[in-house]
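The data block below is start_35.cif; it holds mmCIF, C-alpha atoms.
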data_entry
#
loop_
_atom_site.label_atom_id
_atom_site.label_comp_id
_atom_site.auth_asym_id
_atom_site.auth_seq_id
_atom_site.Cartn_x
_atom_site.Cartn_y
_atom_site.Cartn_z
CA MET U 1 -22.06 -25.35 6.65
CA VAL U 2 -22.14 -21.68 7.62
CA ASN U 3 -24.80 -19.02 8.01
CA ALA U 4 -24.53 -15.87 5.91
CA LEU U 5 -25.36 -12.30 6.86
CA ILE U 6 -25.64 -9.71 4.10
CA LEU U 7 -25.17 -6.10 5.19
CA ALA U 8 -27.55 -3.89 3.19
CA GLY U 9 -28.07 -0.97 5.55
CA ALA U 10 -27.64 2.77 5.11
CA ASP U 11 -24.58 3.57 3.05
CA ASP U 12 -23.06 6.92 2.06
CA ASP U 13 -22.17 5.39 -1.31
CA ALA U 14 -25.88 5.20 -2.16
CA THR U 15 -26.00 8.99 -2.40
CA LYS U 16 -23.09 9.00 -4.84
CA LEU U 17 -24.96 6.48 -6.93
CA GLY U 18 -28.19 8.49 -6.85
CA VAL U 19 -30.28 5.87 -5.06
CA PRO U 20 -31.85 5.64 -1.59
CA VAL U 21 -31.10 1.92 -1.13
CA LYS U 22 -27.85 0.64 -2.59
CA ALA U 23 -28.84 -3.03 -2.39
CA LEU U 24 -31.72 -2.46 -4.80
CA ILE U 25 -29.76 -0.86 -7.64
CA ASP U 26 -31.00 -2.39 -10.87
CA ILE U 27 -28.55 -4.55 -12.79
CA HIS U 28 -30.16 -6.02 -15.89
CA GLY U 29 -33.59 -6.28 -14.31
CA LYS U 30 -32.50 -7.61 -10.92
CA PRO U 31 -31.61 -5.81 -7.70
CA MET U 32 -27.86 -5.90 -7.04
CA ILE U 33 -28.26 -7.83 -3.81
CA GLN U 34 -29.94 -10.69 -5.66
CA TYR U 35 -26.67 -11.51 -7.42
CA VAL U 36 -25.05 -11.90 -3.99
CA ILE U 37 -27.90 -14.06 -2.69
CA HIS U 38 -27.72 -16.31 -5.75
CA ALA U 39 -23.99 -16.89 -5.28
CA LEU U 40 -24.48 -17.72 -1.59
CA ARG U 41 -27.33 -20.12 -2.36
CA THR U 42 -25.46 -22.00 -5.08
CA CYS U 43 -22.08 -22.32 -3.34
CA GLY U 44 -23.33 -25.37 -1.45
CA LEU U 45 -21.91 -24.35 1.93
CA VAL U 46 -24.45 -21.82 3.23
CA ARG U 47 -27.25 -22.98 5.52
CA LYS U 48 -29.35 -19.84 6.15
CA ILE U 49 -29.18 -16.28 4.85
CA ALA U 50 -30.21 -13.09 6.66
CA VAL U 51 -30.25 -9.58 5.22
CA VAL U 52 -30.04 -6.47 7.38
CA GLY U 53 -31.31 -3.26 5.80
CA PRO U 54 -34.38 -1.04 5.32
CA TYR U 55 -37.11 -3.60 5.92
CA HIS U 56 -39.97 -2.01 4.01
CA GLN U 57 -37.89 -1.62 0.84
CA LEU U 58 -36.26 -5.06 1.01
CA PHE U 59 -39.20 -7.23 2.08
CA PRO U 60 -41.31 -7.00 -1.11
CA LEU U 61 -38.41 -8.17 -3.27
CA LEU U 62 -36.59 -10.58 -0.97
CA GLN U 63 -39.28 -12.22 1.17
CA ASN U 64 -38.96 -15.49 -0.78
CA GLU U 65 -35.20 -15.26 -1.31
CA VAL U 66 -33.78 -15.38 2.24
CA GLU U 67 -34.70 -16.78 5.64
CA TYR U 68 -34.63 -13.48 7.53
CA ILE U 69 -34.99 -9.79 6.70
CA ILE U 70 -34.00 -7.56 9.61
CA ASP U 71 -34.60 -3.84 9.81
CA ASP U 72 -31.61 -1.55 9.60
CA ARG U 73 -30.06 -0.66 12.99
CA LEU U 74 -28.13 2.27 11.46
CA SER U 75 -24.59 1.01 12.12
CA ILE U 76 -22.60 -1.92 10.80
CA ILE U 77 -21.88 -3.41 14.20
CA ASN U 78 -25.49 -3.06 15.39
CA ASN U 79 -26.60 -4.72 12.15
CA VAL U 80 -24.21 -7.61 12.73
CA LEU U 81 -25.43 -8.03 16.31
CA ALA U 82 -29.05 -7.92 15.12
CA GLY U 83 -28.34 -10.58 12.51
CA MET U 84 -26.70 -12.83 15.08
CA GLU U 85 -29.92 -12.93 17.08
CA TYR U 86 -31.52 -14.97 14.29
CA PHE U 87 -28.77 -17.56 13.98
CA ASP U 88 -27.68 -20.37 16.25
CA LYS U 89 -24.19 -20.09 17.70
CA GLU U 90 -23.05 -23.50 16.44
CA ASN U 91 -22.56 -22.50 12.82
CA ASP U 92 -19.79 -20.16 11.75
CA LEU U 93 -20.82 -16.88 10.18
CA LEU U 94 -20.00 -15.46 6.77
CA ILE U 95 -20.56 -11.70 6.62
CA CYS U 96 -20.68 -10.00 3.25
CA THR U 97 -21.75 -6.70 1.76
CA CYS U 98 -24.64 -6.28 -0.64
CA ASP U 99 -22.61 -4.47 -3.29
CA ILE U 100 -20.46 -7.25 -4.77
CA PRO U 101 -22.69 -8.44 -7.64
CA MET U 102 -19.79 -10.05 -9.52
CA ILE U 103 -19.28 -12.51 -6.64
CA THR U 104 -19.52 -16.16 -7.71
CA GLU U 105 -20.33 -19.41 -5.96
CA GLU U 106 -16.78 -20.62 -6.68
CA SER U 107 -15.19 -17.61 -5.00
CA ILE U 108 -17.38 -17.96 -1.91
CA ARG U 109 -16.79 -21.70 -1.67
CA ASP U 110 -13.04 -21.23 -1.99
CA PHE U 111 -12.95 -18.63 0.77
CA ILE U 112 -15.11 -20.67 3.14
CA LEU U 113 -13.08 -23.84 2.67
CA LYS U 114 -9.75 -22.06 3.08
CA SER U 115 -11.02 -20.34 6.22
CA GLN U 116 -12.28 -23.60 7.70
CA ASN U 117 -8.93 -25.27 7.06
CA LEU U 118 -7.16 -22.51 8.99
CA ASN U 119 -9.36 -23.11 12.06
CA ALA U 120 -9.19 -19.41 12.95
CA ASP U 121 -11.65 -17.15 14.80
CA LEU U 122 -11.58 -14.52 12.06
CA CYS U 123 -10.55 -14.76 8.41
CA TYR U 124 -10.37 -11.96 5.87
CA PRO U 125 -9.66 -12.29 2.14
CA ILE U 126 -7.24 -10.22 0.09
CA VAL U 127 -6.49 -10.29 -3.64
CA ASN U 128 -3.20 -9.59 -5.37
CA LYS U 129 -3.24 -6.51 -7.59
CA THR U 130 -1.90 -8.51 -10.53
CA VAL U 131 -4.72 -11.05 -10.21
CA ASN U 132 -7.36 -8.33 -9.90
CA GLN U 133 -6.16 -6.34 -12.89
CA ALA U 134 -5.79 -9.44 -15.04
CA LYS U 135 -9.44 -10.39 -14.48
CA PHE U 136 -10.86 -6.87 -14.40
CA PRO U 137 -8.59 -4.55 -16.41
CA GLY U 138 -9.34 -0.89 -15.90
CA ILE U 139 -11.20 -1.20 -12.62
CA ILE U 140 -9.99 1.17 -9.89
CA ARG U 141 -9.32 -0.23 -6.42
CA THR U 142 -7.42 0.77 -3.29
CA TYR U 143 -4.23 -1.26 -2.84
CA ALA U 144 -1.66 -1.71 -0.09
CA ALA U 145 1.96 -2.50 -0.85
CA LEU U 146 3.02 -5.23 1.59
CA LYS U 147 6.17 -7.30 1.94
CA GLU U 148 4.62 -10.18 -0.01
CA GLY U 149 3.13 -8.04 -2.78
CA THR U 150 0.43 -5.45 -3.47
CA PHE U 151 -3.09 -6.38 -2.39
CA THR U 152 -6.65 -5.11 -2.18
CA GLY U 153 -9.10 -6.15 0.52
CA GLY U 154 -12.20 -8.27 0.07
CA ASN U 155 -15.79 -7.79 1.13
CA LEU U 156 -16.26 -10.97 3.16
CA PHE U 157 -15.51 -11.91 6.76
CA TYR U 158 -15.47 -15.45 8.15
CA ILE U 159 -16.18 -15.31 11.89
CA LYS U 160 -16.65 -17.66 14.80
CA PRO U 161 -19.86 -16.37 16.47
CA HIS U 162 -18.49 -16.52 20.02
CA ILE U 163 -15.98 -13.70 19.39
CA ILE U 164 -18.42 -11.09 18.09
CA GLY U 165 -19.75 -9.72 21.37
CA ARG U 166 -16.37 -8.96 22.89
CA CYS U 167 -14.85 -7.56 19.70
CA CYS U 168 -17.56 -5.09 18.68
CA LYS U 169 -15.86 -1.77 19.36
CA LYS U 170 -12.56 -2.58 17.70
CA ALA U 171 -14.28 -4.51 14.93
CA ASN U 172 -16.31 -1.43 14.07
CA GLU U 173 -13.08 0.49 13.42
CA PHE U 174 -11.83 -2.27 11.15
CA ILE U 175 -15.05 -2.30 9.15
CA VAL U 176 -15.29 1.49 8.85
CA TYR U 177 -11.64 1.80 7.78
CA ARG U 178 -11.43 -1.33 5.61
CA LYS U 179 -11.02 0.78 2.44
CA ASN U 180 -8.54 3.26 3.95
CA VAL U 181 -5.11 1.68 4.26
CA LEU U 182 -3.58 4.43 6.41
CA LYS U 183 -6.46 4.59 8.91
CA MET U 184 -6.47 0.80 9.15
CA ALA U 185 -2.77 0.84 9.90
CA LYS U 186 -3.31 3.46 12.64
CA VAL U 187 -5.83 1.16 14.31
CA LEU U 188 -3.15 -1.52 14.33
CA GLY U 189 -0.55 0.82 15.81
CA PHE U 190 2.40 3.08 14.95
CA LYS U 191 4.76 0.22 14.14
CA THR U 192 2.25 -1.11 11.62
CA LEU U 193 1.99 2.31 9.98
CA PHE U 194 5.79 2.64 9.87
CA LEU U 195 6.25 -0.79 8.31
CA LEU U 196 3.55 0.02 5.77
CA CYS U 197 5.27 3.27 4.79
CA ILE U 198 8.61 1.54 4.16
CA LYS U 199 6.86 -1.39 2.41
CA ARG U 200 8.03 -3.92 5.00
CA LEU U 201 4.65 -4.74 6.51
CA SER U 202 4.05 -8.48 6.24
CA LEU U 203 0.89 -10.54 6.28
CA THR U 204 2.26 -12.53 9.22
CA TYR U 205 2.73 -9.35 11.26
CA ILE U 206 -0.80 -8.17 10.43
CA GLU U 207 -2.22 -11.52 11.55
CA GLN U 208 -0.24 -11.38 14.79
CA ARG U 209 -1.23 -7.79 15.53
CA VAL U 210 -4.95 -8.34 14.90
CA SER U 211 -4.83 -11.50 17.00
CA GLU U 212 -3.23 -9.55 19.87
CA LEU U 213 -5.72 -6.69 19.69
CA PHE U 214 -8.78 -8.93 19.68
CA LYS U 215 -7.32 -11.80 21.72
CA ILE U 216 -8.34 -14.20 18.96
CA LYS U 217 -6.73 -16.18 16.18
CA ALA U 218 -6.94 -14.05 13.02
CA ARG U 219 -5.76 -15.11 9.58
CA VAL U 220 -5.53 -13.56 6.14
CA VAL U 221 -6.72 -15.59 3.15
CA ILE U 222 -5.14 -14.85 -0.22
CA SER U 223 -7.90 -15.39 -2.76
CA GLU U 224 -7.40 -16.03 -6.46
CA PHE U 225 -10.95 -14.79 -7.09
CA PRO U 226 -10.99 -11.00 -7.58
CA GLU U 227 -14.81 -10.99 -7.61
CA ILE U 228 -14.52 -10.92 -3.81
CA ALA U 229 -12.72 -7.57 -3.83
CA ASN U 230 -14.71 -5.48 -6.28
CA ASP U 231 -17.69 -3.64 -4.84
CA VAL U 232 -19.88 -0.88 -6.24
CA ASP U 233 -18.94 2.42 -4.63
CA LYS U 234 -19.29 4.92 -7.46
CA PRO U 235 -20.94 5.32 -10.87
CA SER U 236 -17.88 4.02 -12.74
CA ASP U 237 -18.03 0.81 -10.67
CA LEU U 238 -21.69 0.38 -11.53
CA ASP U 239 -21.01 0.88 -15.23
CA PHE U 240 -18.23 -1.71 -15.01
CA VAL U 241 -20.28 -4.42 -13.30
CA ARG U 242 -23.24 -3.88 -15.62
CA LYS U 243 -20.90 -4.53 -18.53
CA MET U 244 -19.36 -7.60 -16.88
CA LEU U 245 -22.74 -9.08 -15.94
CA MET U 246 -24.38 -8.46 -19.30
CA ASP U 247 -24.72 -12.20 -20.01
CA LYS U 248 -25.25 -13.37 -16.41
CA LYS U 249 -28.37 -15.56 -16.13
CA PHE U 250 -29.97 -17.26 -13.13
#

Take the structure in the file and give it back as structure tokens.
Amino acid sequence: MVNALILAGADDDATKLGVPVKALIDIHGKPMIQYVIHALRTCGLVRKIAVVGPYHQLFPLLQNEVEYIIDDRLSIINNVLAGMEYFDKENDLLICTCDIPMITEESIRDFILKSQNLNADLCYPIVNKTVNQAKFPGIIRTYAALKEGTFTGGNLFYIKPHIIGRCCKKANEFIVYRKNVLKMAKVLGFKTLFLLCIKRLSLTYIEQRVSELFKIKARVVISEFPEIANDVDKPSDLDFVRKMLMDKKF
């Protein structure tokens, strides 16, 4: 079993979407974050759920849905650290964003189990472009052309709690740049950027480089569930997920 932390704090994307709190965007009568909570609850592998975001807006709707609601600390890393205060250190932590309403219990379960089998300190999911476009034709994502294929990044992190404190600064760069392939490569170093430009960057090299930077064991998980990789950043994304979730009931 793992604990889950949903990041629902201040987000520049909320302005683009015309809302003050992204997590509470209405999708067929339910706040977007509730789709994420439902998937976490029903996957069968999550023990407790905490949400970090604007407390006064979230509490009225989520007080009976999650174990903890923690007020926004105004940065992703500070929100992660705040969430960790409410969890024991014996259970691994699943971190996810609030804006992936198409996420399913199957996709979460698959990622958790694959991560646990790897016995790594940090696991991050990616989805092949072909898989993503086959399931969600027409959706626009950011992709990176790697040696093994073309991939887009997910919106989940599987983390061993003991590494979080010492990895905060560098982890913040990874989180901030997770949607910008070039900036992410710069964080990893010039060689990484060069290999990316000539399309010779491999998943093995990325794992080795991240492991060296953080002094941990980091692994990439290739997911066959594109729901993990499709978040709501702009109005076209919101239109897409509303269409896809038209018949979703829970």

request  = Please identify all polymer residues within 8 Å of stretch 133-147 of chain U, counting only C-alpha atoms, omitting same-chain residues fewer than 4 positions from it, and present them as a ChimeraX atom specification.
outcome  = /U:129,151-153,179-181,196,199-203,226,230,237,240

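Evaluated against the shown file, the PyMOL selection byres ((chain U and resi 40-49) around 7) gives U:Met1, U:Val2, U:Asn3, U:Ala4, U:Leu5, U:Val36, U:Ile37, U:His38, U:Ala39, U:Ala50, U:Val51, U:Val66, U:Glu67, U:Tyr68, U:Glu105, U:Glu106, U:Ile108, U:Arg109.
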
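Of the listed residues U:Gln34, U:Gln208, U:Ser236, U:Asn172, the one whose atoms come nearest to U:Met102 is U:Gln34, with distances taken using all atoms listed in the file.
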
inquiry  = Running the PyMOL selection byres ((chain U and resi 207) around 8) on this model by hand, what would come out? Give it as JSON, numbers by chain.
reply    = {"U": [203, 204, 205, 206, 208, 209, 210, 211, 217, 218, 219, 220]}

Any chance you could export the current selection's C-alpha atoms as a PDB file, in the frame of the given file?
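Everything below was put into part26.pdb:
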ATOM      1  CA  LEU U 203       0.890 -10.540   6.280  1.00  0.00           C
ATOM      2  CA  THR U 204       2.260 -12.530   9.220  1.00  0.00           C
ATOM      3  CA  TYR U 205       2.730  -9.350  11.260  1.00  0.00           C
ATOM      4  CA  ILE U 206      -0.800  -8.170  10.430  1.00  0.00           C
ATOM      5  CA  GLN U 208      -0.240 -11.380  14.790  1.00  0.00           C
ATOM      6  CA  ARG U 209      -1.230  -7.790  15.530  1.00  0.00           C
ATOM      7  CA  VAL U 210      -4.950  -8.340  14.900  1.00  0.00           C
ATOM      8  CA  SER U 211      -4.830 -11.500  17.000  1.00  0.00           C
ATOM      9  CA  LYS U 217      -6.730 -16.180  16.180  1.00  0.00           C
ATOM     10  CA  ALA U 218      -6.940 -14.050  13.020  1.00  0.00           C
ATOM     11  CA  ARG U 219      -5.760 -15.110   9.580  1.00  0.00           C
ATOM     12  CA  VAL U 220      -5.530 -13.560   6.140  1.00  0.00           C
TER      13      VAL U 220
END

ask   = Given the file above and the PyMOL selection byres ((chain U and resi 8) around 10), which residues are selected, and can you give them as a list in words?
value =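 This file gives the following for the PyMOL selection byres ((chain U and resi 8) around 10): Leu5, Ile6, Leu7, Gly9, Ala10, Asp11, Val21, Lys22, Ala23, Leu24, Ile33, Val51, Val52, Gly53, Pro54, Tyr55, Leu58, Ile70, Asp71, Asp72, Ile76, Asn79, Cys96, Thr97, Cys98 and Asp99 of chain U.
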
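Across U:Asn64, U:Arg73, U:Gly149, U:Ser107, the tightest approach to U:Thr130 is made by U:Gly149 when counting all atoms listed in the file.
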
ask   = From the set U:Thr150, U:Thr192, U:Ser115, U:Asn91, which residue has the shortest atom-to-atom contact distance to U:His162, counting all atoms listed in the file?
value =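 Ranking U:Thr150, U:Thr192, U:Ser115, U:Asn91 by distance to U:His162, first place goes to U:Asn91.
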
key: Spatial neighbours of stretch 232-235 of chain U, max dist 7 Å, only C-alpha atoms, sep filter under 5 positions, as a ChimeraX atom specification   = /U:13,16-17,99-100

message = With distances taken over only C-alpha atoms, which residue among U:Pro125, U:Gly154, U:Pro101, U:Gly189 lies nearest U:Leu238?
response =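 Of U:Pro125, U:Gly154, U:Pro101, U:Gly189, the one nearest U:Leu238, counting only C-alpha atoms, is U:Pro101.
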
Starting from the point (-28.8, -16.1, -18.5), work out which residues of protein, DNA or RNA have an atom no more than 12 Å away when counting all atoms listed in the file; state them as a PDB file with C-alpha atoms, in the coordinates of the input.
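As a result, part09.pdb now contains:
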ATOM      1  CA  HIS U  28     -30.160  -6.020 -15.890  1.00  0.00           C
ATOM      2  CA  GLY U  29     -33.590  -6.280 -14.310  1.00  0.00           C
ATOM      3  CA  LYS U  30     -32.500  -7.610 -10.920  1.00  0.00           C
ATOM      4  CA  LEU U 245     -22.740  -9.080 -15.940  1.00  0.00           C
ATOM      5  CA  MET U 246     -24.380  -8.460 -19.300  1.00  0.00           C
ATOM      6  CA  ASP U 247     -24.720 -12.200 -20.010  1.00  0.00           C
ATOM      7  CA  LYS U 248     -25.250 -13.370 -16.410  1.00  0.00           C
ATOM      8  CA  LYS U 249     -28.370 -15.560 -16.130  1.00  0.00           C
ATOM      9  CA  PHE U 250     -29.970 -17.260 -13.130  1.00  0.00           C
TER      10      PHE U 250
END

query = So what do you get for atom CA of U:Glu227 versus atom CA of U:Thr104, distance-wise?
reply =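 Distance reported for this atom pair: 7.0 Å.
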
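Distances from U:Ile228, U:Met244, U:Leu74, U:Met184 to U:Ile27 were compared using only C-alpha atoms, and the smallest one belongs to U:Met244.
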
query = To one decimal place, how far is atom CA of U:Val131 from atom CA of U:Glu224 in Å?
reply =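 Distance between the two atoms: 6.8 Å.
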
inquiry  = To one decimal place in Å, what is the distance between atom CA of U:Ile216 and atom CA of U:Val127?
reply    = 23.0 Å

message = Nearest residue to U:Gln116 out of U:Ile95, U:Ile159, U:Met84, U:Ala229, using all atoms listed in the file?
response =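 So, comparing all the options, the nearest one is U:Ile159.
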